[in-house]
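Coordinates from target-v7.tsv are shown below (TSV, C-alpha atoms and all ligand atoms).
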chain	number	residue	atom	x	y	z
A	1	SER	CA	11.33	-18.91	1.92
A	2	ALA	CA	12.83	-15.93	3.74
A	3	PRO	CA	10.71	-12.81	3.44
A	4	LEU	CA	11.88	-10.11	1.06
A	5	LEU	CA	10.55	-7.39	3.31
A	6	ASP	CA	10.27	-8.03	7.03
A	7	ILE	CA	8.89	-5.36	9.35
A	8	ARG	CA	8.13	-5.67	13.08
A	9	GLY	CA	6.60	-3.10	15.37
A	10	LEU	CA	6.63	-0.19	12.95
A	11	SER	CA	5.33	3.04	14.47
A	12	VAL	CA	5.12	6.50	12.97
A	13	SER	CA	4.13	9.63	14.79
A	14	PHE	CA	3.85	13.14	13.46
A	15	ALA	CA	4.62	16.28	15.40
A	16	THR	CA	1.53	18.47	15.28
A	17	ARG	CA	0.52	21.66	17.06
A	18	ARG	CA	-1.70	19.59	19.34
A	19	GLY	CA	1.11	17.18	20.18
A	20	PRO	CA	2.31	13.95	18.61
A	21	PHE	CA	-0.12	11.98	16.46
A	22	ARG	CA	0.45	8.26	16.07
A	23	ALA	CA	-0.52	7.47	12.49
A	24	VAL	CA	0.97	3.96	12.52
A	25	ASP	CA	1.08	1.92	15.73
A	26	GLY	CA	3.03	-1.32	15.98
A	27	VAL	CA	2.53	-2.69	12.49
A	28	ASP	CA	4.03	-6.10	11.60
A	29	LEU	CA	4.34	-6.89	7.95
A	30	SER	CA	6.19	-9.34	5.76
A	31	VAL	CA	6.23	-9.95	2.04
A	32	ALA	CA	7.71	-13.04	0.42
A	33	PRO	CA	9.36	-12.98	-3.01
A	34	ASN	CA	6.71	-12.95	-5.74
A	35	GLU	CA	3.90	-12.64	-3.21
A	36	LEU	CA	0.98	-10.23	-3.58
A	37	LEU	CA	0.18	-8.69	-0.21
A	38	ALA	CA	-2.84	-6.41	-0.12
A	39	ILE	CA	-3.12	-3.78	2.61
A	40	VAL	CA	-6.75	-2.80	2.99
A	41	GLY	CA	-8.48	-0.12	5.02
A	42	GLU	CA	-10.39	3.13	4.73
A	43	SER	CA	-8.49	6.34	4.18
A	44	GLY	CA	-6.85	7.50	7.39
A	45	SER	CA	-5.80	3.97	8.35
A	46	GLY	CA	-2.10	4.73	7.90
A	47	LYS	CA	-1.56	2.36	4.98
A	48	SER	CA	0.39	4.80	2.80
A	49	VAL	CA	2.22	6.29	5.76
A	50	ALA	CA	3.54	2.85	6.75
A	51	MET	CA	4.94	2.22	3.26
A	52	LEU	CA	6.41	5.73	2.92
A	53	ALA	CA	8.06	5.27	6.33
A	54	ILE	CA	9.73	2.09	5.12
A	55	MET	CA	10.96	3.89	2.03
A	56	GLY	CA	12.29	6.86	4.02
A	57	LEU	CA	10.03	9.23	2.13
A	58	LEU	CA	8.23	10.95	5.01
A	59	PRO	CA	8.91	14.59	5.87
A	60	TRP	CA	10.94	15.57	8.95
A	61	THR	CA	7.82	16.00	11.11
A	62	ALA	CA	7.55	12.20	11.19
A	63	THR	CA	9.28	10.02	13.78
A	64	VAL	CA	9.68	6.43	12.64
A	65	THR	CA	10.58	3.55	14.96
A	66	ALA	CA	10.65	-0.19	14.37
A	67	GLU	CA	11.91	-3.31	16.14
A	68	ARG	CA	12.86	-4.78	12.81
A	69	MET	CA	13.03	-3.31	9.33
A	70	VAL	CA	14.79	-5.61	6.92
A	71	PHE	CA	14.75	-5.68	3.14
A	72	ASP	CA	16.46	-8.64	1.50
A	73	GLY	CA	18.67	-9.27	4.54
A	74	GLN	CA	19.68	-5.62	4.82
A	75	ASP	CA	18.76	-3.66	7.96
A	76	LEU	CA	17.10	-0.51	6.67
A	77	ARG	CA	17.45	1.19	10.05
A	78	ALA	CA	21.22	1.16	9.63
A	79	LEU	CA	20.94	3.29	6.48
A	80	SER	CA	20.57	7.06	6.47
A	81	PRO	CA	17.34	8.35	4.93
A	82	ARG	CA	19.41	9.40	1.94
A	83	GLN	CA	20.96	5.97	1.51
A	84	ARG	CA	17.60	4.36	2.00
A	85	ARG	CA	15.99	6.51	-0.63
A	86	GLY	CA	18.83	5.38	-2.85
A	87	LEU	CA	17.51	1.85	-2.62
A	88	PHE	CA	14.17	2.95	-3.90
A	89	ARG	CA	13.02	4.63	-7.03
A	90	PRO	CA	11.02	7.71	-6.12
A	91	PRO	CA	7.44	7.16	-7.26
A	92	TRP	CA	7.33	10.16	-9.53
A	93	SER	CA	9.31	11.47	-12.43
A	94	LEU	CA	12.33	13.26	-10.95
A	95	ARG	CA	11.30	16.47	-12.64
A	96	ALA	CA	7.74	16.33	-11.33
A	97	GLN	CA	6.48	17.39	-7.92
A	98	PRO	CA	6.13	14.60	-5.37
A	99	PRO	CA	2.59	13.95	-4.13
A	100	GLU	CA	1.39	16.00	-1.17
A	101	GLY	CA	2.88	15.01	2.17
A	102	VAL	CA	5.81	13.18	0.59
A	103	GLN	CA	9.42	14.24	0.98
A	104	ALA	CA	10.97	15.65	-2.20
A	105	VAL	CA	14.03	13.81	-3.44
A	106	SER	CA	16.48	15.91	-5.36
A	107	GLY	CA	19.44	14.98	-7.47
A	108	ARG	CA	20.33	11.64	-8.90
A	109	PRO	CA	21.16	8.77	-6.62
A	110	ARG	CA	24.76	7.81	-7.30
A	111	ASN	CA	26.41	4.85	-5.69
A	112	GLY	CA	26.26	1.10	-5.56
A	113	LEU	CA	23.49	0.83	-3.01
A	114	ILE	CA	21.29	2.43	-5.48
A	115	GLY	CA	18.61	1.39	-6.73
A	116	LYS	CA	16.65	-0.67	-8.13
A	117	ASP	CA	15.12	-2.80	-5.56
A	118	VAL	CA	11.82	-1.21	-4.69
A	119	ALA	CA	9.60	1.00	-6.80
A	120	MET	CA	6.29	2.64	-6.06
A	121	VAL	CA	3.31	3.87	-8.07
A	122	PHE	CA	0.61	6.20	-6.83
A	123	GLN	CA	-3.04	6.96	-7.28
A	124	GLU	CA	-2.67	10.10	-9.40
A	125	PRO	CA	-0.57	9.12	-12.41
A	126	MET	CA	-1.03	12.53	-14.03
A	127	SER	CA	0.53	14.44	-11.16
A	128	SER	CA	3.40	11.96	-10.86
A	129	LEU	CA	4.44	12.72	-14.43
A	130	ASN	CA	5.95	16.00	-15.52
A	131	PRO	CA	3.65	17.76	-17.99
A	132	CYS	CA	6.59	19.40	-19.80
A	133	PHE	CA	8.39	16.28	-21.01
A	134	THR	CA	7.31	13.41	-23.25
A	135	VAL	CA	6.55	10.16	-21.47
A	136	GLY	CA	9.32	8.42	-23.42
A	137	TRP	CA	11.84	10.96	-22.18
A	138	GLN	CA	10.70	10.47	-18.58
A	139	ILE	CA	11.04	6.69	-18.77
A	140	GLY	CA	14.46	7.25	-20.36
A	141	GLU	CA	15.45	9.33	-17.32
A	142	ALA	CA	14.48	6.48	-15.00
A	143	LEU	CA	16.66	4.15	-17.09
A	144	ALA	CA	19.54	6.61	-17.00
A	145	GLN	CA	19.36	6.68	-13.20
A	146	HIS	CA	19.23	3.00	-12.64
A	147	THR	CA	20.93	1.25	-15.54
A	148	PRO	CA	24.24	1.57	-17.35
A	149	LEU	CA	22.44	1.66	-20.72
A	150	GLY	CA	23.64	4.15	-23.32
A	151	ARG	CA	21.38	6.61	-25.13
A	152	ARG	CA	20.50	4.34	-28.07
A	153	GLU	CA	19.86	1.32	-25.87
A	154	ARG	CA	17.67	3.42	-23.62
A	155	GLN	CA	15.53	4.46	-26.57
A	156	THR	CA	15.00	0.84	-27.52
A	157	ARG	CA	14.28	-0.13	-23.93
A	158	VAL	CA	11.69	2.66	-23.55
A	159	ILE	CA	9.71	1.20	-26.44
A	160	GLU	CA	10.01	-2.31	-24.99
A	161	LEU	CA	8.76	-1.11	-21.62
A	162	LEU	CA	5.78	0.69	-23.14
A	163	GLU	CA	5.00	-2.49	-25.03
A	164	GLN	CA	5.33	-4.56	-21.85
A	165	VAL	CA	2.74	-2.42	-20.06
A	166	GLY	CA	0.33	-2.82	-22.95
A	167	ILE	CA	0.51	0.57	-24.62
A	168	PRO	CA	-0.41	0.26	-28.29
A	169	ASP	CA	1.78	1.87	-30.93
A	170	PRO	CA	4.56	2.44	-28.37
A	171	ALA	CA	6.99	4.25	-30.69
A	172	ARG	CA	4.41	6.96	-31.31
A	173	ARG	CA	3.15	7.11	-27.71
A	174	ALA	CA	6.70	7.58	-26.44
A	175	ARG	CA	6.63	11.01	-28.07
A	176	ALA	CA	3.34	11.98	-26.38
A	177	PHE	CA	3.07	14.37	-23.46
A	178	PRO	CA	1.14	13.21	-20.38
A	179	HIS	CA	-1.92	15.37	-21.15
A	180	GLN	CA	-2.28	13.65	-24.51
A	181	LEU	CA	-2.85	10.30	-22.77
A	182	SER	CA	-5.79	9.01	-20.74
A	183	GLY	CA	-5.53	8.38	-16.98
A	184	GLY	CA	-5.25	4.64	-17.57
A	185	MET	CA	-2.45	5.17	-20.12
A	186	CYS	CA	-0.61	7.48	-17.71
A	187	GLN	CA	-0.83	4.82	-15.01
A	188	ARG	CA	0.67	2.33	-17.49
A	189	VAL	CA	3.48	4.82	-18.12
A	190	MET	CA	4.11	5.11	-14.36
A	191	ILE	CA	4.23	1.34	-14.13
A	192	ALA	CA	6.70	1.27	-17.05
A	193	MET	CA	8.88	3.77	-15.17
A	194	ALA	CA	8.69	1.62	-12.08
A	195	LEU	CA	9.73	-1.44	-14.11
A	196	ALA	CA	12.65	0.43	-15.67
A	197	CYS	CA	14.80	-0.56	-12.72
A	198	LYS	CA	13.55	-4.16	-12.57
A	199	PRO	CA	12.35	-3.85	-8.98
A	200	ARG	CA	12.07	-6.90	-6.73
A	201	LEU	CA	9.21	-5.24	-4.92
A	202	LEU	CA	6.60	-2.94	-6.39
A	203	ILE	CA	4.41	-0.96	-4.02
A	204	ALA	CA	1.22	0.21	-5.69
A	205	ASP	CA	-0.71	2.75	-3.62
A	206	GLU	CA	-4.33	2.89	-4.77
A	207	PRO	CA	-3.16	2.44	-8.38
A	208	THR	CA	-6.66	2.10	-9.78
A	209	THR	CA	-8.66	4.41	-7.53
A	210	ALA	CA	-8.67	7.37	-9.92
A	211	LEU	CA	-9.65	5.19	-12.90
A	212	ASP	CA	-13.01	3.94	-14.10
A	213	VAL	CA	-14.05	0.37	-13.45
A	214	THR	CA	-13.08	-1.26	-16.77
A	215	ILE	CA	-9.66	0.40	-16.72
A	216	GLN	CA	-9.23	-0.64	-13.07
A	217	ALA	CA	-9.62	-4.26	-14.06
A	218	GLN	CA	-7.14	-3.87	-16.92
A	219	ILE	CA	-4.50	-2.32	-14.64
A	220	MET	CA	-5.00	-5.12	-12.08
A	221	ASP	CA	-4.56	-7.68	-14.87
A	222	LEU	CA	-1.42	-5.91	-16.01
A	223	LEU	CA	0.05	-5.92	-12.49
A	224	GLN	CA	-0.70	-9.63	-12.15
A	225	THR	CA	0.88	-10.41	-15.52
A	226	LEU	CA	3.99	-8.41	-14.66
A	227	ARG	CA	4.27	-10.12	-11.30
A	228	ARG	CA	4.12	-13.50	-12.98
A	229	ASP	CA	6.57	-12.56	-15.74
A	230	THR	CA	9.16	-10.73	-13.62
A	231	GLY	CA	8.91	-12.62	-10.32
A	232	MET	CA	8.63	-9.35	-8.41
A	233	ALA	CA	6.63	-9.10	-5.19
A	234	LEU	CA	3.73	-6.69	-5.03
A	235	VAL	CA	2.25	-4.72	-2.16
A	236	LEU	CA	-1.12	-3.35	-3.15
A	237	ILE	CA	-2.61	-0.63	-0.99
A	238	THR	CA	-6.34	-0.13	-1.42
A	239	HIS	CA	-9.46	0.97	0.40
A	240	ASP	CA	-11.52	-1.41	-1.73
A	241	LEU	CA	-11.53	-5.02	-0.62
A	242	GLY	CA	-13.28	-5.90	-3.89
A	243	VAL	CA	-10.19	-4.96	-5.92
A	244	VAL	CA	-8.06	-7.60	-4.20
A	245	ALA	CA	-10.61	-10.38	-3.99
A	246	GLU	CA	-9.19	-12.39	-6.87
A	247	ALA	CA	-5.64	-11.09	-6.99
A	248	ALA	CA	-4.09	-11.14	-3.52
A	249	ASP	CA	-2.26	-14.01	-1.83
A	250	ARG	CA	-2.59	-12.45	1.61
A	251	VAL	CA	-4.63	-9.57	2.92
A	252	MET	CA	-3.69	-7.35	5.82
A	253	VAL	CA	-6.52	-5.22	7.20
A	254	GLN	CA	-5.47	-1.97	8.84
A	255	TYR	CA	-7.59	0.33	11.00
A	256	ALA	CA	-6.52	3.60	12.63
A	257	GLY	CA	-2.83	2.77	12.30
A	258	ARG	CA	-3.06	-0.82	13.56
A	259	VAL	CA	-3.20	-4.17	11.82
A	260	VAL	CA	-6.48	-5.73	12.92
A	261	GLU	CA	-6.21	-8.93	10.95
A	262	THR	CA	-3.94	-10.70	8.44
A	263	GLN	CA	-5.12	-13.76	6.57
A	264	PRO	CA	-4.61	-15.63	3.32
A	265	ALA	CA	-7.06	-14.10	0.84
A	266	ALA	CA	-8.68	-17.49	0.37
A	267	THR	CA	-9.89	-17.61	3.99
A	268	LEU	CA	-10.29	-13.90	4.71
A	269	PHE	CA	-13.21	-13.56	2.34
A	270	THR	CA	-15.03	-16.58	3.70
A	271	HIS	CA	-13.98	-16.34	7.36
A	272	PRO	CA	-13.23	-12.79	8.47
A	273	HIS	CA	-12.44	-12.78	12.20
A	274	HIS	CA	-12.37	-9.06	12.94
A	275	PRO	CA	-15.64	-7.10	13.06
A	276	TYR	CA	-14.03	-4.41	10.89
A	277	THR	CA	-13.13	-6.92	8.16
A	278	HIS	CA	-16.63	-8.28	8.46
A	279	ALA	CA	-18.08	-4.80	7.99
A	280	LEU	CA	-15.81	-4.08	4.99
A	281	LEU	CA	-17.01	-7.28	3.35
A	282	ALA	CA	-20.64	-6.49	4.10
A	283	ALA	CA	-20.18	-3.08	2.48
A	284	LEU	CA	-18.86	-4.50	-0.80
A	285	PRO	CA	-21.18	-3.86	-3.72
A	286	GLU	CA	-23.09	-6.95	-4.72
A	287	ARG	CA	-21.47	-8.21	-7.89
A	288	ALA	CA	-24.70	-8.59	-9.81
A	289	THR	CA	-26.56	-5.42	-8.82
A	290	GLY	CA	-23.77	-3.07	-7.74
A	291	ALA	CA	-25.85	-2.21	-4.68
A	292	ARG	CA	-23.98	-1.70	-1.41
A	293	LEU	CA	-25.34	-3.96	1.25
A	294	GLU	CA	-24.46	-2.23	4.51
A	295	ALA	CA	-22.39	0.93	4.74
A	296	ILE	CA	-20.14	1.29	7.80
A	297	ASP	CA	-21.31	4.38	9.66
A	298	GLY	CA	-18.75	6.89	10.88
A	299	VAL	CA	-15.11	7.48	10.00
A	300	VAL	CA	-11.68	6.36	11.16
A	301	PRO	CA	-10.88	8.29	14.38
A	302	GLY	CA	-8.39	11.14	14.05
A	303	GLN	CA	-6.11	12.73	16.59
A	304	SER	CA	-8.79	14.43	18.68
A	305	ASP	CA	-11.36	11.64	18.87
A	306	ARG	CA	-9.27	8.57	19.72
A	307	PRO	CA	-11.37	6.18	21.79
A	308	ALA	CA	-9.90	5.00	25.09
A	309	GLY	CA	-10.53	1.32	24.41
A	310	CYS	CA	-10.77	-0.51	21.09
A	311	LEU	CA	-10.30	2.04	18.31
A	312	PHE	CA	-13.11	0.47	16.30
A	313	ALA	CA	-15.58	0.45	19.22
A	314	PRO	CA	-17.56	3.58	18.20
A	315	ARG	CA	-18.45	1.87	14.91
A	316	CYS	CA	-18.60	-1.78	15.95
A	317	ARG	CA	-21.97	-3.47	16.21
A	318	TRP	CA	-20.59	-5.91	18.79
A	319	ALA	CA	-18.97	-3.28	21.02
A	320	ASN	CA	-19.70	-3.51	24.74
A	321	ALA	CA	-18.51	-1.75	27.89
A	322	HIS	CA	-15.28	-3.79	28.00
A	323	CYS	CA	-14.47	-2.80	24.38
A	324	HIS	CA	-15.02	0.88	25.15
A	325	ALA	CA	-12.71	0.76	28.17
A	326	VAL	CA	-9.88	-1.63	27.24
A	327	LYS	CA	-7.71	-1.79	24.10
A	328	PRO	CA	-7.28	-5.26	22.63
A	329	LEU	CA	-3.58	-6.16	22.54
A	330	PRO	CA	-1.61	-7.72	19.72
A	331	ALA	CA	-1.36	-10.78	21.99
A	332	ASP	CA	-5.13	-11.12	21.65
A	333	ALA	CA	-4.62	-11.02	17.91
A	334	ALA	CA	-2.26	-13.97	18.15
A	335	LEU	CA	-4.89	-15.97	20.03
A	336	GLY	CA	-7.94	-15.07	18.06
A	337	ARG	CA	-6.23	-14.06	14.84
A	338	ALA	CA	-7.78	-10.61	15.09
A	339	LEU	CA	-7.14	-7.50	17.18
A	340	CYS	CA	-10.42	-7.86	19.05
A	341	HIS	CA	-11.71	-8.99	22.45
A	342	THR	CA	-14.33	-11.18	20.84
A	343	PRO	CA	-13.26	-12.15	17.32
A	344	LEU	CA	-15.96	-13.54	15.08
A	345	ASP	CA	-16.35	-17.21	14.34
A	346	ASP	CA	-16.97	-18.68	10.91
A	347	ALA	CA	-20.66	-17.89	11.16
A	348	GLY	CA	-19.88	-14.22	11.85
A	349	GLN	CA	-20.81	-14.41	15.54
A	350	PRO	CA	-18.49	-13.37	18.40
A	351	LEU	CA	-16.29	-16.32	19.37
A	352	ALA	CA	-15.49	-15.67	22.99
A	353	LEU	CA	-18.10	-15.31	25.66
A	354	ASN	CA	-17.64	-11.77	26.86
A	355	LEU	CA	-17.13	-11.49	30.60
A	356	GLU	CA	-18.78	-8.11	30.83
A	357	ASN	CA	-21.96	-9.47	29.28
A	358	ALA	CA	-21.88	-12.67	31.27
A	359	ALA	CA	-21.58	-10.83	34.59
B	401	LIG	FE1	-15.71	-4.62	18.23
B	401	LIG	FE2	-15.04	-4.96	20.78
B	401	LIG	FE3	-13.78	-6.33	18.89
B	401	LIG	FE4	-13.35	-3.74	19.16
B	401	LIG	S1	-12.84	-5.31	20.63
B	401	LIG	S2	-13.71	-4.83	17.27
B	401	LIG	S3	-15.37	-3.03	19.74
B	401	LIG	S4	-15.95	-6.50	19.43
B	402	MG	MG	-3.30	6.54	1.19

Once you've parsed the file, please lay out its structure as structure tokens.
Amino acid sequence: SAPLLDIRGLSVSFATRRGPFRAVDGVDLSVAPNELLAIVGESGSGKSVAMLAIMGLLPWTATVTAERMVFDGQDLRALSPRQRRGLFRPPWSLRAQPPEGVQAVSGRPRNGLIGKDVAMVFQEPMSSLNPCFTVGWQIGEALAQHTPLGRRERQTRVIELLEQVGIPDPARRARAFPHQLSGGMCQRVMIAMALACKPRLLIADEPTTALDVTIQAQIMDLLQTLRRDTGMALVLITHDLGVVAEAADRVMVQYAGRVVETQPAATLFTHPHHPYTHALLAALPERATGARLEAIDGVVPGQSDRPAGCLFAPRCRWANAHCHAVKPLPADAALGRALCHTPLDDAGQPLALNLENAA
């Protein structure tokens, strides 16, 4: 079927004192209706920035370009940032502060474009909620923005939504303030707010990262149940490949602003082609013991330490002189299904004979 969200060649650069910094570089991305796409990578990979760019939520220091940016047949590039934000529900209660680095959205969206199509939840549910209002009131506000429901109907709907996200004794919890609820409960409230507008796409940015392991699993289960029941598509951003192992349909691996590999989850975990994916998998804690097998040394390069060749070369165990000098191109990715000069075969060994080594 036609993709719900279809992005080609998305780039984002930020104006900084040391010149422009390319945080996202030529990202292609598509999400089908009801699909769960996971975007995986360490922090600094540009995962959140890419999604915020699509939603028009980046501050003015960001320059966003794309060859194609279509949601449900509508060209997002033709909309002003204000109109585009109207399509999306801001990922925080309107009376709360937006997360750091995210453009504040003031006032209520008004017209017919509005809406209800894409919603987003973040890592820190506590800071996305306003401490001064009850959670029921905040969900009610989201309903007031996005639905024609009257006051009474909204009250009923708030309770239904809290019930839908698995909050026990919803009538009582609706009257609670955020600090009276646990982190997991607050995340459920944020998800309820996101569902208030019946989104067709929910973007969840590290939704479980701040929570402990048992609660993480419960939130993942909840998201899966909601996806099944509502038919919405889900983009799940995470640094933890383990979180998406069972849940995702497709996994996109991002490194230093570039997509290095996209595969169906079923094959990515057994046959990773990019050395970075391979390293992420090798670093997953062993299920039985919880012990990490092999940590990946180093960090994602920033503005000042961008390698000349492959961006992963300083950390790649298969890097050679060619890798250090020449960037792999997306065309290579099409051939080898990974952004790499020598993608790995099913046994985890480099596929192509490297010319530099052969010489
Ligand atoms: Fe490693 Fe070279 Fe592939 Fe980059 S191009 S990931 S350095 S093997
Ligand atoms: Mg992030």

Using all atoms listed in the file, find the one residue out of A:Gln187, A:Thr209, A:Gln263, A:Ser30 that sits nearest to ligand MG 402 (chain B). A:Thr209

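You will find atom CA of Val244 of chain A at 29.1 Å from atom CA of Gln303 of chain A.
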
Of the listed residues A:Ile296, A:Leu241, A:Leu4, A:Ala210, that which approaches Ala265 of chain A most closely, counting all atoms listed in the file: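 Checking each of A:Ile296, A:Leu241, A:Leu4, A:Ala210 against Ala265 of chain A, counting all atoms listed in the file, the winner is A:Leu241.
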
Given all atoms listed in the file as the counted atoms, nearest of A:Thr267, A:Gln224, A:Ser304, A:Thr277 to ligand LIG 401 (chain B):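 Distance minimum relative to ligand LIG 401 (chain B) lands on A:Thr277.
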
Residues within 7 Å of ligand MG 402 (chain B) should be enumerated using all atoms listed in the file and returned as a PyMOL selection string. chain A and resi 43+47-48+205

Export of the given selection (C-alpha atoms) as a compact mmCIF listing (two decimals), keeping the file's coordinate frame:
# COMPACT_ATOMS: atom_id res chain seq x y z
CA SER A 43 -8.49 6.34 4.18
CA LYS A 47 -1.56 2.36 4.98
CA SER A 48 0.39 4.80 2.80
CA ASP A 205 -0.71 2.75 -3.62

Could I get the residues of chain A with an atom no further than 9 Å from an atom of ligand LIG 401 (chain B), each paired with its nearest atom pair and that distance in Å to one decimal, using all atoms listed in the file, sorted by chain and residue number, as JSON lines?
{"residue": "A:Val260", "atom": "CA", "partner": "B:LIG401", "partner_atom": "S2", "distance": 8.5}
{"residue": "A:His274", "atom": "CA", "partner": "B:LIG401", "partner_atom": "S2", "distance": 6.2}
{"residue": "A:Pro275", "atom": "CA", "partner": "B:LIG401", "partner_atom": "S2", "distance": 5.2}
{"residue": "A:Tyr276", "atom": "CA", "partner": "B:LIG401", "partner_atom": "S2", "distance": 6.4}
{"residue": "A:Gly309", "atom": "CA", "partner": "B:LIG401", "partner_atom": "FE4", "distance": 7.8}
{"residue": "A:Cys310", "atom": "CA", "partner": "B:LIG401", "partner_atom": "FE4", "distance": 4.6}
{"residue": "A:Leu311", "atom": "CA", "partner": "B:LIG401", "partner_atom": "FE4", "distance": 6.6}
{"residue": "A:Phe312", "atom": "CA", "partner": "B:LIG401", "partner_atom": "FE4", "distance": 5.1}
{"residue": "A:Ala313", "atom": "CA", "partner": "B:LIG401", "partner_atom": "S3", "distance": 3.5}
{"residue": "A:Pro314", "atom": "CA", "partner": "B:LIG401", "partner_atom": "S3", "distance": 7.1}
{"residue": "A:Arg315", "atom": "CA", "partner": "B:LIG401", "partner_atom": "S3", "distance": 7.5}
{"residue": "A:Cys316", "atom": "CA", "partner": "B:LIG401", "partner_atom": "FE1", "distance": 4.6}
{"residue": "A:Arg317", "atom": "CA", "partner": "B:LIG401", "partner_atom": "FE1", "distance": 6.7}
{"residue": "A:Trp318", "atom": "CA", "partner": "B:LIG401", "partner_atom": "S4", "distance": 4.7}
{"residue": "A:Ala319", "atom": "CA", "partner": "B:LIG401", "partner_atom": "S3", "distance": 3.8}
{"residue": "A:Asn320", "atom": "CA", "partner": "B:LIG401", "partner_atom": "FE2", "distance": 6.3}
{"residue": "A:Ala321", "atom": "CA", "partner": "B:LIG401", "partner_atom": "FE2", "distance": 8.5}
{"residue": "A:His322", "atom": "CA", "partner": "B:LIG401", "partner_atom": "FE2", "distance": 7.3}
{"residue": "A:Cys323", "atom": "CA", "partner": "B:LIG401", "partner_atom": "FE2", "distance": 4.2}
{"residue": "A:His324", "atom": "CA", "partner": "B:LIG401", "partner_atom": "S3", "distance": 6.7}
{"residue": "A:Val326", "atom": "CA", "partner": "B:LIG401", "partner_atom": "S1", "distance": 8.1}
{"residue": "A:Lys327", "atom": "CA", "partner": "B:LIG401", "partner_atom": "S1", "distance": 7.1}
{"residue": "A:Pro328", "atom": "CA", "partner": "B:LIG401", "partner_atom": "S1", "distance": 5.9}
{"residue": "A:Ala338", "atom": "CA", "partner": "B:LIG401", "partner_atom": "FE3", "distance": 8.3}
{"residue": "A:Leu339", "atom": "CA", "partner": "B:LIG401", "partner_atom": "FE3", "distance": 7.0}
{"residue": "A:Cys340", "atom": "CA", "partner": "B:LIG401", "partner_atom": "FE3", "distance": 3.7}
{"residue": "A:His341", "atom": "CA", "partner": "B:LIG401", "partner_atom": "S1", "distance": 4.3}
{"residue": "A:Thr342", "atom": "CA", "partner": "B:LIG401", "partner_atom": "S4", "distance": 5.1}
{"residue": "A:Pro343", "atom": "CA", "partner": "B:LIG401", "partner_atom": "FE3", "distance": 6.1}
{"residue": "A:Leu344", "atom": "CA", "partner": "B:LIG401", "partner_atom": "S4", "distance": 8.3}
{"residue": "A:Pro350", "atom": "CA", "partner": "B:LIG401", "partner_atom": "S4", "distance": 7.4}

Go ahead and save the residues from that selection, with C-alpha atoms, as a short mmCIF file (atom, residue, chain, number, x, y, z; two decimals), in the coordinates of the input.
data_model
loop_
_atom_site.label_atom_id
_atom_site.label_comp_id
_atom_site.auth_asym_id
_atom_site.auth_seq_id
_atom_site.Cartn_x
_atom_site.Cartn_y
_atom_site.Cartn_z
CA VAL A 260 -6.48 -5.73 12.92
CA HIS A 274 -12.37 -9.06 12.94
CA PRO A 275 -15.64 -7.10 13.06
CA TYR A 276 -14.03 -4.41 10.89
CA GLY A 309 -10.53 1.32 24.41
CA CYS A 310 -10.77 -0.51 21.09
CA LEU A 311 -10.30 2.04 18.31
CA PHE A 312 -13.11 0.47 16.30
CA ALA A 313 -15.58 0.45 19.22
CA PRO A 314 -17.56 3.58 18.20
CA ARG A 315 -18.45 1.87 14.91
CA CYS A 316 -18.60 -1.78 15.95
CA ARG A 317 -21.97 -3.47 16.21
CA TRP A 318 -20.59 -5.91 18.79
CA ALA A 319 -18.97 -3.28 21.02
CA ASN A 320 -19.70 -3.51 24.74
CA ALA A 321 -18.51 -1.75 27.89
CA HIS A 322 -15.28 -3.79 28.00
CA CYS A 323 -14.47 -2.80 24.38
CA HIS A 324 -15.02 0.88 25.15
CA VAL A 326 -9.88 -1.63 27.24
CA LYS A 327 -7.71 -1.79 24.10
CA PRO A 328 -7.28 -5.26 22.63
CA ALA A 338 -7.78 -10.61 15.09
CA LEU A 339 -7.14 -7.50 17.18
CA CYS A 340 -10.42 -7.86 19.05
CA HIS A 341 -11.71 -8.99 22.45
CA THR A 342 -14.33 -11.18 20.84
CA PRO A 343 -13.26 -12.15 17.32
CA LEU A 344 -15.96 -13.54 15.08
CA PRO A 350 -18.49 -13.37 18.40
#

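Coordinates place atom CA of Gln83 of chain A at a distance of 19.6 Å from atom CA of Val12 of chain A.
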
What lies within 12 Å of Ala245 of chain A using all atoms listed in the file, ignoring chain neighbours under 3 positions off, as an NGL selection string? :A and (36-40 or 217 or 220 or 236 or 238 or 240-242 or 248-251 or 264-270 or 281 or 284 or 287)

Restrict the calculation to only C-alpha atoms, then for each residue of segment 176-226 of chain A with any atom at most 10 Å from an atom of segment 122-141 of chain A give the closest atom pair and their distance in Å to one decimal, rows by chain and rising residue number, as a tab-separated table.
residue	atom	partner	partner_atom	distance
A:Ala176	CA	A:Thr134	CA	5.3
A:Phe177	CA	A:Thr134	CA	4.4
A:Pro178	CA	A:Pro131	CA	5.7
A:His179	CA	A:Pro131	CA	6.8
A:Gln180	CA	A:Thr134	CA	9.7
A:Leu181	CA	A:Met126	CA	9.2
A:Ser182	CA	A:Met126	CA	8.9
A:Gly183	CA	A:Pro125	CA	6.8
A:Gly184	CA	A:Pro125	CA	8.3
A:Met185	CA	A:Pro125	CA	8.9
A:Cys186	CA	A:Pro125	CA	5.5
A:Gln187	CA	A:Pro125	CA	5.0
A:Arg188	CA	A:Pro125	CA	8.6
A:Val189	CA	A:Val135	CA	7.0
A:Met190	CA	A:Pro125	CA	6.5
A:Ile191	CA	A:Pro125	CA	9.3
A:Ala192	CA	A:Ile139	CA	7.2
A:Met193	CA	A:Ile139	CA	5.1
A:Ala194	CA	A:Ile139	CA	8.7
A:Leu195	CA	A:Ile139	CA	9.5
A:Ala196	CA	A:Ile139	CA	7.2
A:Ile203	CA	A:Phe122	CA	8.6
A:Ala204	CA	A:Phe122	CA	6.1
A:Asp205	CA	A:Phe122	CA	4.9
A:Glu206	CA	A:Gln123	CA	5.0
A:Pro207	CA	A:Gln123	CA	4.7
A:Thr208	CA	A:Gln123	CA	6.6
A:Thr209	CA	A:Gln123	CA	6.2
A:Ala210	CA	A:Gln123	CA	6.2
A:Leu211	CA	A:Gln123	CA	8.9
